[in-house]
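Working notes for the structure below.
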Amino acid sequence: MTADHLSAVFGALADPTRRAILARLADGDLTVAELSAPFSVSQPAISRHLKVLEGAGLVSRSRRATARPSHLEAEPLQEATAWLARYQEFWDESHDRLDTLLASLQGDQTNHPPRVGQPRRNAP
């Protein structure tokens, strides 16, 4: 995935209405009228959201008689998830280092006598 395409995906996902549209499309294809039903926005506004999602490759639209159902295209979401997974590894390693540091600091506290004026702790 190119950086520009990834930017389009994250830009599309930045809006809560578009995320809600994707969540609804995960259950199956829907028309603009069906998509706009639970929202307090107009059908033209939903159409504009769909155009952004289409531009990011997250939605495709087909023609069925007079209806134009929208379909979730999940591959860009998988690519964005893979990009984010690298940072998940970073945070997991950071948390592991923090856990190690905290454990060593707690070990130091139980091995040293208390400072003057502090009650003595019983070691576990």
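Starting from 1 in every chain, residues are counted up; chains themselves are A, B, ... following the order of the structure tokens, and ligands are numbered from 1 as listed.
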
Kindly assemble as JSON lines a list of the region 41-66 of chain A residues that lie within 10 Å of region 74-90 of chain A, each paired with its nearest atom pair and their distance in Å to one decimal, using only C-alpha atoms, sorted first by chain and then by ascending residue number.
```
{"residue": "A:Ala56", "atom": "CA", "partner": "A:Pro76", "partner_atom": "CA", "distance": 7.9}
{"residue": "A:Gly57", "atom": "CA", "partner": "A:Pro76", "partner_atom": "CA", "distance": 6.6}
{"residue": "A:Leu58", "atom": "CA", "partner": "A:Pro76", "partner_atom": "CA", "distance": 6.3}
{"residue": "A:Val59", "atom": "CA", "partner": "A:Ala74", "partner_atom": "CA", "distance": 8.2}
```

Preceding selection exported with N, CA and C atoms as a PDB file, in the first residue's frame:
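The result, stored in selection03.pdb:
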```pdb
ATOM      1  N   ALA A  56     -11.051   5.824  -1.040  1.00  0.00           N
ATOM      2  CA  ALA A  56     -10.050   5.130  -0.231  1.00  0.00           C
ATOM      3  C   ALA A  56     -10.033   3.630  -0.524  1.00  0.00           C
ATOM      4  N   GLY A  57     -10.924   3.176  -1.393  1.00  0.00           N
ATOM      5  CA  GLY A  57     -10.974   1.752  -1.733  1.00  0.00           C
ATOM      6  C   GLY A  57     -11.688   0.902  -0.700  1.00  0.00           C
ATOM      7  N   LEU A  58     -12.386   1.534   0.243  1.00  0.00           N
ATOM      8  CA  LEU A  58     -13.050   0.803   1.320  1.00  0.00           C
ATOM      9  C   LEU A  58     -14.461   0.339   0.947  1.00  0.00           C
ATOM     10  N   VAL A  59     -15.017   0.945  -0.104  1.00  0.00           N
ATOM     11  CA  VAL A  59     -16.378   0.638  -0.528  1.00  0.00           C
ATOM     12  C   VAL A  59     -16.405   0.578  -2.049  1.00  0.00           C
TER      13      VAL A  59
END
```

> Within 6 Å of Leu30 (chain A), counting only C-alpha atoms, which residues qualify if same-chain residues fewer than 2 places away don't, as a PyMOL selection string?
Replying inline: chain A and resi 34+69-70

Output the selection as a PDB file, in the first residue's frame - all heavy atoms for each residue.
```
ATOM      1  N   GLU A  34     -30.948   2.838   2.718  1.00  0.00           N
ATOM      2  CA  GLU A  34     -30.817   1.929   3.865  1.00  0.00           C
ATOM      3  C   GLU A  34     -29.708   2.404   4.804  1.00  0.00           C
ATOM      4  O   GLU A  34     -29.837   2.313   6.025  1.00  0.00           O
ATOM      5  CB  GLU A  34     -30.537   0.512   3.389  1.00  0.00           C
ATOM      6  CG  GLU A  34     -31.700  -0.118   2.645  1.00  0.00           C
ATOM      7  CD  GLU A  34     -31.321  -1.386   1.899  1.00  0.00           C
ATOM      8  OE1 GLU A  34     -30.157  -1.527   1.477  1.00  0.00           O
ATOM      9  OE2 GLU A  34     -32.220  -2.241   1.727  1.00  0.00           O
ATOM     10  N   PRO A  69     -26.406  -0.589  -4.567  1.00  0.00           N
ATOM     11  CA  PRO A  69     -25.926  -1.037  -3.256  1.00  0.00           C
ATOM     12  C   PRO A  69     -24.419  -0.804  -3.095  1.00  0.00           C
ATOM     13  O   PRO A  69     -23.659  -0.874  -4.053  1.00  0.00           O
ATOM     14  CB  PRO A  69     -26.257  -2.521  -3.230  1.00  0.00           C
ATOM     15  CG  PRO A  69     -26.467  -2.911  -4.647  1.00  0.00           C
ATOM     16  CD  PRO A  69     -26.852  -1.687  -5.408  1.00  0.00           C
ATOM     17  N   SER A  70     -24.039  -0.524  -1.871  1.00  0.00           N
ATOM     18  CA  SER A  70     -22.628  -0.347  -1.515  1.00  0.00           C
ATOM     19  C   SER A  70     -22.136  -1.618  -0.865  1.00  0.00           C
ATOM     20  O   SER A  70     -22.874  -2.289  -0.136  1.00  0.00           O
ATOM     21  CB  SER A  70     -22.467   0.821  -0.542  1.00  0.00           C
ATOM     22  OG  SER A  70     -22.865   2.023  -1.167  1.00  0.00           O
TER      23      SER A  70
END
```

>> Among chain A, which residues does DSSP mark as strand (DSSP E or B) when it is run on the backbone? Keep the chain and numbering as in the structure and answer as a PyMOL selection string.
In response: chain A and resi 30+59-61+64+67+70-72

> In Å, how far is it from CA of Asp27 (chain A) to CA of Ser7 (chain A)?
Replying inline: 25.4 Å

> Could you name the residues that touch Asp29 (chain A) at 10 Å or less, counting only C-alpha atoms, but leaving out those on the same chain fewer than 3 positions away, as an NGL selection string?
Replying inline: :A and (24-26 or 34-35 or 59-62 or 68-72)

> Using only C-alpha atoms, which of A:Ala103, A:Leu6, A:Ala20, A:Val32 sits nearest Lys51 (chain A)?
Replying inline: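 Checking each of A:Ala103, A:Leu6, A:Ala20, A:Val32 against Lys51 (chain A), counting only C-alpha atoms, the winner is A:Val32.
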
>> For the structure I just gave you, how does DSSP split chain A - specifically, which residues are helix (DSSP H, G or I)? Reply as a PyMOL selection string.
In response: chain A and resi 3-13+16-25+32-36+43-55+75-111

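CA of Phe10 (chain A) to CA of Ala67 (chain A) spans 28.4 Å [interatomic distance, one decimal].
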
> Can you tell me, as a VMD selection string, what residues are no more than 12 Å from Arg48 (chain A) when counting only C-alpha atoms, ignoring any on the same chain fewer than 6 positions away?
Replying inline: chain A and resid 12 17 to 18 21 32 36 41 to 42 54 to 55

Create the file for the chosen residues now, containing N, CA, C and O atoms and written as a CSV table (one decimal), in the first residue's frame.
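What ended up in part33.csv:
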```csv
chain,number,residue,atom,x,y,z
A,12,ALA,N,-10.3,8.5,5.6
A,12,ALA,CA,-11.7,8.1,5.5
A,12,ALA,C,-12.2,7.5,6.9
A,12,ALA,O,-13.3,7.8,7.3
A,17,THR,N,-19.0,8.9,11.3
A,17,THR,CA,-20.2,8.5,10.4
A,17,THR,C,-19.7,7.5,9.4
A,17,THR,O,-20.3,6.5,9.1
A,18,ARG,N,-18.5,7.7,8.8
A,18,ARG,CA,-17.9,6.8,7.8
A,18,ARG,C,-17.6,5.4,8.5
A,18,ARG,O,-17.8,4.4,7.9
A,21,ILE,N,-20.8,3.7,8.9
A,21,ILE,CA,-21.2,3.1,7.6
A,21,ILE,C,-20.5,1.8,7.3
A,21,ILE,O,-21.1,0.8,6.9
A,32,VAL,N,-28.1,3.6,-0.4
A,32,VAL,CA,-27.9,4.9,0.3
A,32,VAL,C,-29.1,5.1,1.3
A,32,VAL,O,-28.9,5.5,2.4
A,36,SER,N,-28.7,5.5,5.2
A,36,SER,CA,-29.0,6.8,5.9
A,36,SER,C,-30.0,6.7,7.0
A,36,SER,O,-30.2,7.6,7.8
A,41,VAL,N,-28.5,12.5,9.2
A,41,VAL,CA,-28.0,13.3,8.1
A,41,VAL,C,-28.8,12.9,6.8
A,41,VAL,O,-29.4,11.8,6.8
A,42,SER,N,-28.7,13.7,5.8
A,42,SER,CA,-29.5,13.5,4.6
A,42,SER,C,-28.8,12.4,3.7
A,42,SER,O,-27.7,12.0,3.9
A,54,GLU,N,-15.3,5.3,-1.1
A,54,GLU,CA,-14.9,4.7,-2.4
A,54,GLU,C,-13.5,5.1,-2.8
A,54,GLU,O,-12.7,4.3,-3.3
A,55,GLY,N,-13.2,6.4,-2.6
A,55,GLY,CA,-11.9,6.9,-3.0
A,55,GLY,C,-10.8,6.3,-2.3
A,55,GLY,O,-9.7,6.1,-2.8
```

>> Please report the interatomic distance between CA of Thr66 (chain A) and CA of Thr31 (chain A) in Å with one decimal.
In response: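 Atom-to-atom, CA of Thr66 (chain A) to CA of Thr31 (chain A), that is 10.3 Å.
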
> So, counting only C-alpha atoms, which residue among A:Ala8, A:Leu22, A:Ala65, A:Ala37 is closest to Val52 (chain A)?
Replying inline: A:Ala8
